[in-house]
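Pasting input05.cif here (mmCIF, C-alpha atoms):
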```
data_coords
#
loop_
_atom_site.label_atom_id
_atom_site.label_comp_id
_atom_site.auth_asym_id
_atom_site.auth_seq_id
_atom_site.Cartn_x
_atom_site.Cartn_y
_atom_site.Cartn_z
CA MET A 1 0.00 0.00 0.00
CA THR A 2 1.35 3.40 -0.98
CA VAL A 3 1.21 6.45 1.26
CA THR A 4 -1.29 8.04 -1.13
CA THR A 5 -3.82 5.21 -0.82
CA TYR A 6 -3.34 5.22 2.96
CA ILE A 7 -4.11 8.93 3.18
CA PHE A 8 -6.99 8.51 0.72
CA GLY A 9 -8.59 5.80 2.90
CA VAL A 10 -8.25 7.81 6.11
CA LEU A 11 -9.60 10.98 4.48
CA SER A 12 -12.61 9.16 3.00
CA ALA A 13 -13.54 7.75 6.39
CA LEU A 14 -13.11 11.17 8.06
CA LEU A 15 -15.22 12.81 5.37
CA THR A 16 -18.04 10.28 5.87
CA LEU A 17 -17.96 10.73 9.64
CA GLY A 18 -17.76 14.50 9.26
CA VAL A 19 -20.83 14.64 7.02
CA VAL A 20 -22.85 12.44 9.40
CA ILE A 21 -21.84 14.41 12.49
CA GLU A 22 -22.47 17.75 10.80
CA MET A 23 -25.98 16.61 9.75
CA LEU A 24 -26.64 15.43 13.28
CA ARG A 25 -25.47 18.78 14.62
CA ARG A 26 -27.84 20.69 12.31
CA ARG A 27 -30.70 18.31 13.19
CA ARG A 28 -31.00 17.17 9.58
CA LEU A 29 -30.57 13.58 10.78
CA ARG A 30 -31.98 11.95 13.89
CA GLU A 31 -29.74 9.86 16.13
CA ARG A 32 -31.73 6.69 15.54
CA HIS A 33 -31.14 6.97 11.80
CA ALA A 34 -27.54 8.08 12.11
CA VAL A 35 -26.41 5.20 14.31
CA TRP A 36 -25.68 2.79 11.43
CA TRP A 37 -23.74 5.45 9.49
CA LEU A 38 -21.71 6.34 12.58
CA ILE A 39 -20.82 2.67 13.11
CA ALA A 40 -19.87 2.24 9.45
CA GLY A 41 -17.83 5.46 9.42
CA THR A 42 -15.97 4.54 12.61
CA MET A 43 -15.13 1.09 11.27
CA ALA A 44 -13.86 2.64 8.03
CA LEU A 45 -11.68 5.06 10.03
CA VAL A 46 -10.21 2.31 12.21
CA ILE A 47 -9.38 0.17 9.18
CA GLY A 48 -8.06 3.23 7.35
CA VAL A 49 -5.68 4.17 10.14
CA PHE A 50 -4.69 0.61 11.11
CA PRO A 51 -5.04 -1.57 7.98
CA SER A 52 -3.65 -4.51 9.96
CA THR A 53 -6.93 -4.72 11.95
CA LEU A 54 -8.67 -5.75 8.73
CA GLU A 55 -6.19 -8.58 8.11
CA TRP A 56 -6.49 -9.64 11.76
CA ALA A 57 -10.31 -9.71 11.60
CA ALA A 58 -10.36 -11.56 8.27
CA ASP A 59 -7.90 -14.10 9.66
CA LEU A 60 -9.97 -14.48 12.81
CA ILE A 61 -13.17 -15.51 11.02
CA GLY A 62 -11.38 -17.33 8.20
CA VAL A 63 -11.94 -14.98 5.25
CA GLU A 64 -9.09 -15.59 2.81
CA VAL A 65 -9.22 -12.28 0.95
CA PRO A 66 -9.56 -9.47 3.57
CA LEU A 67 -11.21 -7.19 1.00
CA ASN A 68 -14.17 -9.62 0.81
CA LEU A 69 -14.80 -8.98 4.50
CA VAL A 70 -15.08 -5.27 3.74
CA PHE A 71 -17.63 -5.98 0.98
CA PHE A 72 -19.58 -8.36 3.17
CA VAL A 73 -19.81 -5.95 6.11
CA SER A 74 -20.71 -3.04 3.80
CA VAL A 75 -23.54 -4.98 2.16
CA ALA A 76 -24.78 -6.16 5.57
CA VAL A 77 -24.90 -2.60 6.92
CA LEU A 78 -26.73 -1.29 3.82
CA PHE A 79 -29.18 -4.19 4.05
CA LEU A 80 -30.01 -3.46 7.68
CA VAL A 81 -30.42 0.25 6.99
CA CYS A 82 -32.82 -0.54 4.13
CA ILE A 83 -34.94 -2.80 6.32
CA GLN A 84 -35.02 -0.15 9.03
CA HIS A 85 -36.21 2.40 6.48
CA SER A 86 -38.96 0.06 5.22
CA ALA A 87 -40.19 -0.43 8.75
CA GLU A 88 -40.14 3.32 9.44
CA LEU A 89 -42.02 3.92 6.18
CA THR A 90 -44.70 1.42 7.18
CA GLY A 91 -45.10 3.17 10.51
CA LEU A 92 -45.34 6.58 8.87
CA GLU A 93 -47.88 5.33 6.33
CA SER A 94 -50.16 3.99 9.02
CA LYS A 95 -49.82 7.23 10.99
CA THR A 96 -50.79 9.34 7.95
CA ARG A 97 -53.69 6.96 7.29
CA ILE A 98 -55.01 7.42 10.83
CA LEU A 99 -54.61 11.20 10.52
CA ALA A 100 -56.56 11.15 7.25
CA GLU A 101 -59.35 9.11 8.85
CA ASN A 102 -59.48 11.51 11.79
CA ALA A 103 -59.51 14.52 9.47
CA ALA A 104 -62.50 13.08 7.58
CA LEU A 105 -64.41 12.35 10.80
CA GLN A 106 -63.56 15.74 12.34
CA SER A 107 -64.77 17.70 9.32
CA LEU A 108 -68.04 15.74 9.45
CA ARG A 109 -68.40 16.76 13.09
CA ILE A 110 -67.61 20.39 12.32
CA GLU A 111 -70.20 20.42 9.55
CA ALA A 112 -72.84 18.97 11.87
CA LEU A 113 -72.00 21.50 14.60
CA GLU A 114 -72.06 24.41 12.16
CA LYS A 115 -75.46 23.27 10.96
CA ARG A 116 -76.75 23.11 14.53
CA ILE A 117 -75.41 26.58 15.34
CA ALA A 118 -76.99 28.00 12.19
CA GLU A 119 -80.32 26.43 13.22
CA THR A 120 -80.29 27.70 16.80
CA SER A 121 -79.06 31.21 16.02
CA ALA A 122 -81.43 31.74 13.11
CA PRO A 123 -83.83 34.66 13.72
CA GLU A 124 -87.27 33.49 14.84
CA MET B 1 -86.91 1.25 20.29
CA PRO B 2 -85.81 2.39 16.83
CA SER B 3 -86.37 -0.11 14.03
CA LEU B 4 -83.67 -2.40 12.70
CA LEU B 5 -83.09 -0.15 9.70
CA GLU B 6 -82.85 2.96 11.90
CA ARG B 7 -80.07 1.27 13.86
CA THR B 8 -78.21 0.49 10.66
CA LEU B 9 -75.63 2.53 8.81
CA ILE B 10 -75.01 1.89 5.12
CA VAL B 11 -71.34 2.64 4.34
CA MET B 12 -70.35 3.18 0.72
CA PRO B 13 -66.69 3.60 -0.09
CA ALA B 14 -66.59 5.66 -3.28
CA PHE B 15 -63.62 6.43 -5.50
CA ASN B 16 -64.42 8.43 -8.65
CA GLU B 17 -68.00 7.15 -8.91
CA GLU B 18 -69.71 10.36 -10.05
CA ASP B 19 -71.76 8.45 -12.67
CA ALA B 20 -73.32 5.91 -10.34
CA VAL B 21 -73.21 7.16 -6.75
CA ARG B 22 -76.28 9.43 -6.86
CA GLN B 23 -78.52 6.67 -8.25
CA VAL B 24 -77.22 4.12 -5.74
CA VAL B 25 -77.80 6.42 -2.75
CA LEU B 26 -81.31 7.30 -3.96
CA GLU B 27 -82.08 3.61 -4.44
CA VAL B 28 -80.83 2.83 -0.91
CA PHE B 29 -83.12 5.48 0.60
CA ALA B 30 -86.07 4.34 -1.54
CA LYS B 31 -85.72 0.63 -0.76
CA LEU B 32 -84.61 0.91 2.88
CA PRO B 33 -86.76 3.52 4.65
CA GLY B 34 -85.24 4.92 7.84
CA VAL B 35 -81.69 3.83 7.10
CA SER B 36 -78.70 6.20 7.36
CA CYS B 37 -76.19 6.35 4.55
CA LEU B 38 -72.55 7.41 4.82
CA VAL B 39 -70.59 7.77 1.61
CA VAL B 40 -66.86 7.76 2.24
CA ASP B 41 -65.20 9.63 -0.58
CA ASP B 42 -61.83 7.98 -0.96
CA GLY B 43 -59.94 10.94 -2.37
CA SER B 44 -61.94 11.20 -5.60
CA SER B 45 -60.92 13.83 -8.12
CA ASP B 46 -64.34 14.03 -9.77
CA ARG B 47 -67.78 15.16 -8.58
CA THR B 48 -68.47 12.15 -6.33
CA VAL B 49 -68.85 14.34 -3.22
CA GLU B 50 -71.35 16.70 -4.85
CA GLU B 51 -73.37 13.84 -6.38
CA ALA B 52 -73.59 11.92 -3.09
CA THR B 53 -74.48 15.06 -1.10
CA ALA B 54 -77.18 15.94 -3.62
CA ALA B 55 -78.71 12.49 -3.12
CA GLY B 56 -78.92 13.17 0.62
CA ALA B 57 -76.09 11.01 1.97
CA VAL B 58 -73.69 12.10 4.69
CA VAL B 59 -70.31 12.37 2.97
CA ALA B 60 -66.98 11.89 4.72
CA ARG B 61 -64.08 13.14 2.65
CA LEU B 62 -60.69 11.47 2.87
CA PRO B 63 -57.94 13.86 1.82
CA PHE B 64 -56.27 11.20 -0.34
CA ASN B 65 -56.93 7.66 -1.53
CA LEU B 66 -56.67 5.06 1.22
CA GLY B 67 -58.38 2.12 -0.46
CA VAL B 68 -61.54 0.32 0.59
CA GLY B 69 -60.04 -0.71 3.95
CA GLY B 70 -59.28 2.87 5.03
CA ALA B 71 -62.69 4.07 3.87
CA MET B 72 -64.44 1.31 5.81
CA ARG B 73 -62.48 2.16 8.97
CA VAL B 74 -63.96 5.66 8.76
CA GLY B 75 -67.39 4.06 8.37
CA PHE B 76 -66.98 1.81 11.41
CA ARG B 77 -65.69 4.64 13.57
CA TYR B 78 -68.54 6.90 12.47
CA ALA B 79 -71.00 4.13 13.37
CA ILE B 80 -69.50 3.82 16.86
CA ASP B 81 -69.48 7.60 17.42
CA HIS B 82 -73.11 7.93 16.35
CA GLY B 83 -74.52 4.86 18.07
CA PHE B 84 -75.31 2.70 15.06
CA GLU B 85 -75.46 -1.00 15.85
CA ASN B 86 -75.04 -2.48 12.39
CA VAL B 87 -72.89 -1.48 9.44
CA VAL B 88 -73.65 -2.68 5.93
CA GLN B 89 -71.02 -2.14 3.27
CA VAL B 90 -72.50 -1.51 -0.17
CA ASP B 91 -70.52 -0.75 -3.33
CA SER B 92 -71.14 2.68 -4.79
CA ASP B 93 -71.01 1.42 -8.39
CA GLY B 94 -74.46 -0.14 -8.23
CA GLN B 95 -73.54 -3.82 -8.47
CA HIS B 96 -75.15 -4.58 -5.11
CA ASP B 97 -78.93 -4.54 -4.93
CA PRO B 98 -79.98 -2.58 -1.79
CA SER B 99 -83.12 -4.73 -1.40
CA ASN B 100 -80.81 -7.59 -0.34
CA VAL B 101 -79.74 -5.57 2.71
CA VAL B 102 -82.88 -6.67 4.54
CA ALA B 103 -81.93 -10.35 4.10
CA LEU B 104 -78.42 -9.61 5.36
CA LEU B 105 -79.74 -7.79 8.42
CA GLU B 106 -82.18 -10.60 9.24
CA ARG B 107 -79.37 -13.14 9.13
CA LEU B 108 -77.35 -10.77 11.34
CA GLN B 109 -79.70 -11.44 14.25
CA THR B 110 -77.90 -14.75 14.83
CA ALA B 111 -74.48 -13.84 13.41
CA ASP B 112 -71.83 -11.13 13.79
CA LEU B 113 -70.74 -10.87 10.17
CA VAL B 114 -72.88 -11.74 7.15
CA LEU B 115 -71.48 -11.90 3.62
CA GLY B 116 -73.61 -11.38 0.56
CA ALA B 117 -72.40 -14.27 -1.60
CA ARG B 118 -72.58 -14.10 -5.36
CA PHE B 119 -72.34 -17.81 -6.17
CA ALA B 120 -74.86 -19.17 -3.71
CA GLY B 121 -77.62 -19.70 -6.23
CA GLU B 122 -79.11 -16.31 -6.98
CA GLY B 123 -78.24 -14.21 -9.98
CA ASP B 124 -76.08 -15.13 -12.96
CA TYR B 125 -72.63 -13.93 -11.93
CA THR B 126 -69.84 -16.16 -13.27
CA VAL B 127 -66.05 -15.99 -13.40
CA ARG B 128 -63.60 -18.39 -15.04
CA GLY B 129 -59.87 -19.15 -15.15
CA PRO B 130 -57.30 -18.18 -12.50
CA ARG B 131 -59.63 -15.68 -10.88
CA ARG B 132 -62.11 -18.50 -10.30
CA TRP B 133 -59.31 -20.71 -8.85
CA ALA B 134 -58.28 -17.88 -6.53
CA MET B 135 -61.81 -17.67 -5.24
CA VAL B 136 -62.01 -21.45 -4.73
CA VAL B 137 -58.69 -21.55 -2.84
CA LEU B 138 -59.72 -18.61 -0.68
CA SER B 139 -63.13 -19.98 0.16
CA THR B 140 -61.67 -23.38 1.06
CA PHE B 141 -59.18 -21.90 3.54
CA LEU B 142 -61.46 -19.21 4.91
CA SER B 143 -64.38 -21.61 5.31
CA SER B 144 -62.28 -23.72 7.64
CA THR B 145 -61.00 -20.66 9.54
CA ALA B 146 -64.53 -19.29 9.90
CA ARG B 147 -65.98 -22.75 10.70
CA THR B 148 -68.78 -22.28 8.16
CA LYS B 149 -69.19 -22.76 4.43
CA LEU B 150 -68.27 -19.58 2.57
CA THR B 151 -68.45 -19.54 -1.21
CA ASP B 152 -67.67 -15.90 -1.97
CA THR B 153 -65.06 -14.54 0.40
CA THR B 154 -64.10 -11.48 -1.66
CA SER B 155 -67.61 -10.10 -1.67
CA GLY B 156 -67.71 -6.43 -0.74
CA PHE B 157 -71.38 -6.73 0.18
CA ARG B 158 -71.37 -7.51 3.90
CA ALA B 159 -73.19 -6.65 7.10
CA SER B 160 -71.48 -6.35 10.50
CA GLY B 161 -73.32 -6.63 13.80
CA PRO B 162 -72.49 -4.74 17.01
CA ARG B 163 -69.62 -7.04 18.03
CA ALA B 164 -68.02 -6.98 14.59
CA VAL B 165 -68.44 -3.19 14.35
CA ARG B 166 -66.54 -2.75 17.63
CA LEU B 167 -63.83 -5.13 16.48
CA PHE B 168 -63.45 -3.55 13.03
CA ALA B 169 -63.46 0.08 14.25
CA GLU B 170 -60.16 -0.77 15.90
CA HIS B 171 -58.66 -3.53 13.81
CA TYR B 172 -59.96 -3.23 10.26
CA PRO B 173 -57.00 -3.86 7.96
CA ALA B 174 -56.15 -1.17 5.45
CA GLU B 175 -53.84 -3.11 3.11
CA TYR B 176 -54.77 -4.28 -0.37
CA LEU B 177 -57.23 -7.21 -0.09
CA GLY B 178 -57.18 -6.75 3.68
CA ASP B 179 -60.73 -5.46 3.66
CA THR B 180 -62.01 -8.78 2.34
CA ILE B 181 -59.62 -11.59 3.24
CA GLU B 182 -57.84 -10.43 6.38
CA SER B 183 -60.97 -8.92 7.92
CA LEU B 184 -62.60 -12.38 7.73
CA VAL B 185 -59.62 -13.97 9.46
CA ILE B 186 -59.64 -11.27 12.16
CA ALA B 187 -63.37 -11.75 12.76
CA ALA B 188 -63.15 -15.54 12.82
CA ARG B 189 -60.27 -15.48 15.30
CA ALA B 190 -62.11 -13.02 17.56
CA LYS B 191 -64.80 -15.70 17.76
CA CYS B 192 -67.33 -13.78 15.68
CA VAL B 193 -70.06 -15.89 14.07
CA ILE B 194 -69.77 -15.60 10.28
CA ALA B 195 -72.57 -16.48 7.88
CA GLN B 196 -73.45 -15.96 4.26
CA VAL B 197 -76.63 -15.10 2.43
CA PRO B 198 -77.11 -15.57 -1.32
CA VAL B 199 -77.46 -12.30 -3.21
CA SER B 200 -77.81 -11.46 -6.87
CA MET B 201 -75.22 -9.20 -8.43
CA ARG B 202 -75.97 -6.75 -11.13
CA ALA B 203 -73.65 -5.80 -13.93
CA ARG B 204 -71.50 -2.89 -12.83
CA ALA B 205 -72.77 0.48 -13.93
CA GLY B 206 -69.37 1.43 -15.31
CA GLY B 207 -66.55 -0.84 -16.53
CA LYS B 208 -66.33 -4.61 -16.98
CA PRO B 209 -64.62 -7.13 -14.66
CA SER B 210 -61.19 -7.88 -16.10
CA HIS B 211 -60.54 -11.28 -17.68
CA ASP B 212 -56.83 -10.74 -18.33
CA PRO B 213 -55.20 -14.05 -17.28
CA PHE B 214 -52.00 -12.29 -16.11
CA LYS B 215 -53.91 -9.91 -13.91
CA ALA B 216 -55.93 -12.83 -12.60
CA ALA B 217 -52.74 -14.76 -11.82
CA ALA B 218 -51.28 -11.74 -10.03
CA TYR B 219 -54.50 -11.51 -8.09
CA LEU B 220 -54.23 -15.18 -7.12
CA GLY B 221 -50.68 -14.58 -5.88
CA ARG B 222 -51.51 -11.46 -3.89
CA ALA B 223 -54.61 -13.04 -2.43
CA THR B 224 -52.67 -16.12 -1.33
CA MET B 225 -50.02 -13.92 0.25
CA ALA B 226 -52.64 -11.79 2.00
CA LEU B 227 -54.24 -14.95 3.37
CA PHE B 228 -50.88 -16.40 4.45
CA PHE B 229 -49.87 -13.27 6.37
CA ALA B 230 -53.34 -12.85 7.84
CA LEU B 231 -53.08 -16.35 9.29
CA MET B 232 -49.54 -15.71 10.59
CA ARG B 233 -50.38 -12.50 12.45
CA PRO B 234 -51.24 -12.71 16.12
CA PRO B 235 -55.01 -12.76 16.66
CA VAL B 236 -56.69 -9.68 18.16
CA PRO B 237 -59.17 -10.17 20.99
CA LEU B 238 -62.65 -8.69 20.98
CA HIS B 239 -63.17 -6.50 24.04
CA GLU B 240 -66.67 -6.85 25.39
CA PRO B 241 -68.00 -3.49 26.62
CA GLU B 242 -68.34 -3.14 30.38
CA LEU B 243 -71.88 -4.03 31.38
CA GLU B 244 -74.16 -1.65 33.27
CA ARG B 245 -72.22 1.36 34.38
#
```

Would you mind writing the file's structure down as structure tokens?
Amino acid sequence: MTVTTYIFGVLSALLTLGVVIEMLRRRRLRERHAVWWLIAGTMALVIGVFPSTLEWAADLIGVEVPLNLVFFVSVAVLFLVCIQHSAELTGLESKTRILAENAALQSLRIEALEKRIAETSAPE
Amino acid sequence: MPSLLERTLIVMPAFNEEDAVRQVVLEVFAKLPGVSCLVVDDGSSDRTVEEATAAGAVVARLPFNLGVGGAMRVGFRYAIDHGFENVVQVDSDGQHDPSNVVALLERLQTADLVLGARFAGEGDYTVRGPRRWAMVVLSTFLSSTARTKLTDTTSGFRASGPRAVRLFAEHYPAEYLGDTIESLVIAARAKCVIAQVPVSMRARAGGKPSHDPFKAAAYLGRATMALFFALMRPPVPLHEPELER
């Protein structure tokens, strides 16, 4: 590994972490959604700074080509994030549905009340 | 004591039915004196709301399309809020004959959920091919879940008694096909008594039922999946109201 690639790896990881933390700071991202990205960014930074940790981890679980471990973990993280988003979407959809139902029922009530007021306050 | 029809709410989910809805509502009022009629406008972009209001129905407007399930939930909740005991779902396109509602309500005296079945003898409604197979598969499984013979499980013409209304106001499914298939599973598991009454179906006022084999096959797949997941979900209990407060 050349010095350039080493620096490139570390900078990429720092950039990722920086973007996530900055978005958290500006409240553009909630903690519960940011957690996976923080974990992924931290792992990338650790491997970037100490590439030997990757070889050690690959050796530990018996992955022959260390790079494959990187791909595997990346895909796994993306997969989990996608599932989390689907679940959140389902929750949001059912919340909007309930709000829509309530809105329909409330406007019926308002109409009925308005009608009653108009009847009672009508001049004799 | 108000009459059976006065304690009944007709709920009509309507999505872009400006051509038919006025006639259907007028027919309901003519054939079922004393009944109340709620049209749930499911986010229509045409004149459905105006047409239904002109015919004298109460119209609930959903801000966007939720499907039959979402519209029926509004109907059940409205029934609870306004003290209706029974809810009868009638299609707003005119394929259900309102005079059959009386038969459904009579059967409801000894049942919690009554389906108006299209293949139980009356009328001349027929389907063939994969769509027919889907209906056979569904009725076989759902008949055993409901512990009674059901021949037309996807019928949208159904009457719910007080227990079913309470159950559905809380737990009516809003997913695609949930309003027919999953609602039956939910009712059967909450120990509701399910029954069916033969009804005649009329040709729809607008449009023809599709006979595209691919669409029918997709329907078979989605219906099977809906049934599978409905059976896998944990059952919901029916809370009896506290007696005598």

Output as a tab-separated table one row per residue of chain A within 9 Å of chain B: the closest atom pair and its distance in Å to one decimal place, counting all atoms listed in the file, sorted by chain and residue number ascending.
```
residue	atom	partner	partner_atom	distance
A:Ser94	CA	B:Ala174	CA	8.7
A:Arg97	CA	B:Leu66	CA	7.0
A:Ile98	CA	B:Gly70	CA	8.5
A:Ala100	CA	B:Leu62	CA	6.0
A:Glu101	CA	B:Val74	CA	5.8
A:Asn102	CA	B:Val74	CA	8.0
A:Ala103	CA	B:Leu62	CA	7.4
A:Ala104	CA	B:Arg61	CA	5.2
A:Leu105	CA	B:Ala60	CA	6.6
A:Ser107	CA	B:Ala60	CA	7.7
A:Leu108	CA	B:Ala60	CA	6.2
```

Residues within 7 Å of Pro173 (chain B), only C-alpha atoms, excluding chain neighbours under 2 positions, as a PyMOL selection string
chain B and resi 69+171+175+178-179+182-183

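For the atom pair formed by CA of Ile181 (chain B) and CA of Arg22 (chain B), the distance is 28.7 Å, given to one decimal.
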
Distance query Glu55 (chain A) at most 10 Å, only C-alpha atoms, self and fewer than 2 positions along chain excluded, as a CSV table (one decimal) with C-alpha atoms, in the frame of the given file:
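To be explicit, this is the file written out as selection-v6.csv:
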```csv
chain,number,residue,atom,x,y,z
A,47,ILE,CA,-9.4,0.2,9.2
A,50,PHE,CA,-4.7,0.6,11.1
A,51,PRO,CA,-5.0,-1.6,8.0
A,52,SER,CA,-3.6,-4.5,10.0
A,53,THR,CA,-6.9,-4.7,12.0
A,57,ALA,CA,-10.3,-9.7,11.6
A,58,ALA,CA,-10.4,-11.6,8.3
A,59,ASP,CA,-7.9,-14.1,9.7
A,60,LEU,CA,-10.0,-14.5,12.8
A,63,VAL,CA,-11.9,-15.0,5.2
A,64,GLU,CA,-9.1,-15.6,2.8
A,65,VAL,CA,-9.2,-12.3,1.0
A,66,PRO,CA,-9.6,-9.5,3.6
A,67,LEU,CA,-11.2,-7.2,1.0
A,69,LEU,CA,-14.8,-9.0,4.5
```

Among the residues A:Thr5, A:Ser74, A:Glu114, A:Ser121, the one that comes closest to Val49 (chain A) [using all atoms listed in the file]
A:Thr5

My list of candidates is B:Phe229, B:Tyr219, B:Phe84, B:Phe29. Which is closest to Arg132 (chain B) when distances are computed with all atoms listed in the file?
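Counting all atoms listed in the file, the residue closest to Arg132 (chain B) is B:Tyr219.
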
Determine the residue set returned by the PyMOL selection byres ((chain A and resi 10-19) around 12) for the present structure, and present it as a ChimeraX atom specification.
/A:3-9,20-26,28-29,34-51

Check which residues satisfy the PyMOL selection byres ((chain B and resi 143-148) around 7) in the file shown, then give them as an MDAnalysis selection string.
chainID B and resid 139:142 149:150 185 188 194:195

CA of Pro234 (chain B) to CA of Leu104 (chain B), distance in Å rounded to a single decimal
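Result for CA of Pro234 (chain B) versus CA of Leu104 (chain B): 29.4 Å, one decimal.
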
Can you list, as a PyMOL selection string, the residues that the PyMOL selection byres ((chain B and resi 8) around 7) selects here?
chain B and resi 4-7+9-10+35-36+84-87

Separation of CA of Leu80 (chain A) from CA of Phe228 (chain B), in Å and rounded to one decimal
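Here the two named atoms are 24.8 Å from each other.
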
So which one's closest to Leu115 (chain B), B:Val68, B:Val193, B:Ala54, B:Leu167? Using all atoms listed in the file, please.
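Looking only at the distances to Leu115 (chain B), the closest residue turns out to be B:Val193.
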
Counting only C-alpha atoms, what is within 12 Å of Gly116 (chain B), bar same-chain residues fewer than 4 positions away, as an mmCIF file with C-alpha atoms, in the coordinates of the input?
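Output (around.cif):
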```cif
data_model
loop_
_atom_site.group_PDB
_atom_site.id
_atom_site.type_symbol
_atom_site.label_atom_id
_atom_site.label_comp_id
_atom_site.auth_asym_id
_atom_site.auth_seq_id
_atom_site.Cartn_x
_atom_site.Cartn_y
_atom_site.Cartn_z
ATOM 1 C CA VAL B 88 -73.650 -2.680 5.930
ATOM 2 C CA GLN B 89 -71.020 -2.140 3.270
ATOM 3 C CA VAL B 90 -72.500 -1.510 -0.170
ATOM 4 C CA ASP B 91 -70.520 -0.750 -3.330
ATOM 5 C CA GLN B 95 -73.540 -3.820 -8.470
ATOM 6 C CA HIS B 96 -75.150 -4.580 -5.110
ATOM 7 C CA ASP B 97 -78.930 -4.540 -4.930
ATOM 8 C CA PRO B 98 -79.980 -2.580 -1.790
ATOM 9 C CA SER B 99 -83.120 -4.730 -1.400
ATOM 10 C CA ASN B 100 -80.810 -7.590 -0.340
ATOM 11 C CA VAL B 101 -79.740 -5.570 2.710
ATOM 12 C CA VAL B 102 -82.880 -6.670 4.540
ATOM 13 C CA ALA B 103 -81.930 -10.350 4.100
ATOM 14 C CA LEU B 104 -78.420 -9.610 5.360
ATOM 15 C CA LEU B 105 -79.740 -7.790 8.420
ATOM 16 C CA ARG B 107 -79.370 -13.140 9.130
ATOM 17 C CA LEU B 108 -77.350 -10.770 11.340
ATOM 18 C CA ALA B 120 -74.860 -19.170 -3.710
ATOM 19 C CA GLY B 121 -77.620 -19.700 -6.230
ATOM 20 C CA GLU B 122 -79.110 -16.310 -6.980
ATOM 21 C CA GLY B 123 -78.240 -14.210 -9.980
ATOM 22 C CA LEU B 150 -68.270 -19.580 2.570
ATOM 23 C CA THR B 151 -68.450 -19.540 -1.210
ATOM 24 C CA ASP B 152 -67.670 -15.900 -1.970
ATOM 25 C CA THR B 153 -65.060 -14.540 0.400
ATOM 26 C CA THR B 154 -64.100 -11.480 -1.660
ATOM 27 C CA SER B 155 -67.610 -10.100 -1.670
ATOM 28 C CA GLY B 156 -67.710 -6.430 -0.740
ATOM 29 C CA PHE B 157 -71.380 -6.730 0.180
ATOM 30 C CA ARG B 158 -71.370 -7.510 3.900
ATOM 31 C CA ALA B 159 -73.190 -6.650 7.100
ATOM 32 C CA SER B 160 -71.480 -6.350 10.500
ATOM 33 C CA ILE B 194 -69.770 -15.600 10.280
ATOM 34 C CA ALA B 195 -72.570 -16.480 7.880
ATOM 35 C CA GLN B 196 -73.450 -15.960 4.260
ATOM 36 C CA VAL B 197 -76.630 -15.100 2.430
ATOM 37 C CA PRO B 198 -77.110 -15.570 -1.320
ATOM 38 C CA VAL B 199 -77.460 -12.300 -3.210
ATOM 39 C CA SER B 200 -77.810 -11.460 -6.870
ATOM 40 C CA MET B 201 -75.220 -9.200 -8.430
#
```

Restore N, CA and C atoms in region 27-38 of chain B and list the result as a PDB file, keeping the file's coordinate frame.
```
ATOM      1  N   GLU B  27     -81.464   4.928  -4.483  1.00  0.00           N
ATOM      2  CA  GLU B  27     -82.080   3.610  -4.440  1.00  0.00           C
ATOM      3  C   GLU B  27     -82.061   3.052  -3.019  1.00  0.00           C
ATOM      4  N   VAL B  28     -80.934   3.286  -2.306  1.00  0.00           N
ATOM      5  CA  VAL B  28     -80.830   2.830  -0.910  1.00  0.00           C
ATOM      6  C   VAL B  28     -81.935   3.467  -0.080  1.00  0.00           C
ATOM      7  N   PHE B  29     -82.102   4.791  -0.198  1.00  0.00           N
ATOM      8  CA  PHE B  29     -83.120   5.480   0.600  1.00  0.00           C
ATOM      9  C   PHE B  29     -84.525   5.027   0.213  1.00  0.00           C
ATOM     10  N   ALA B  30     -84.737   4.738  -1.084  1.00  0.00           N
ATOM     11  CA  ALA B  30     -86.070   4.340  -1.540  1.00  0.00           C
ATOM     12  C   ALA B  30     -86.425   2.936  -1.043  1.00  0.00           C
ATOM     13  N   LYS B  31     -85.423   2.024  -1.091  1.00  0.00           N
ATOM     14  CA  LYS B  31     -85.720   0.630  -0.760  1.00  0.00           C
ATOM     15  C   LYS B  31     -85.585   0.330   0.725  1.00  0.00           C
ATOM     16  N   LEU B  32     -84.844   1.179   1.466  1.00  0.00           N
ATOM     17  CA  LEU B  32     -84.610   0.910   2.880  1.00  0.00           C
ATOM     18  C   LEU B  32     -85.034   2.122   3.704  1.00  0.00           C
ATOM     19  N   PRO B  33     -86.320   2.317   3.938  1.00  0.00           N
ATOM     20  CA  PRO B  33     -86.760   3.520   4.650  1.00  0.00           C
ATOM     21  C   PRO B  33     -86.221   3.572   6.076  1.00  0.00           C
ATOM     22  N   GLY B  34     -85.716   4.736   6.473  1.00  0.00           N
ATOM     23  CA  GLY B  34     -85.240   4.920   7.840  1.00  0.00           C
ATOM     24  C   GLY B  34     -83.761   4.679   8.009  1.00  0.00           C
ATOM     25  N   VAL B  35     -83.100   4.159   6.979  1.00  0.00           N
ATOM     26  CA  VAL B  35     -81.690   3.830   7.100  1.00  0.00           C
ATOM     27  C   VAL B  35     -80.832   5.101   6.957  1.00  0.00           C
ATOM     28  N   SER B  36     -79.632   5.089   7.543  1.00  0.00           N
ATOM     29  CA  SER B  36     -78.700   6.200   7.360  1.00  0.00           C
ATOM     30  C   SER B  36     -77.624   5.768   6.381  1.00  0.00           C
ATOM     31  N   CYS B  37     -77.154   6.714   5.590  1.00  0.00           N
ATOM     32  CA  CYS B  37     -76.190   6.350   4.550  1.00  0.00           C
ATOM     33  C   CYS B  37     -74.974   7.265   4.621  1.00  0.00           C
ATOM     34  N   LEU B  38     -73.805   6.653   4.800  1.00  0.00           N
ATOM     35  CA  LEU B  38     -72.550   7.410   4.820  1.00  0.00           C
ATOM     36  C   LEU B  38     -71.740   7.034   3.592  1.00  0.00           C
TER      37      LEU B  38
END
```
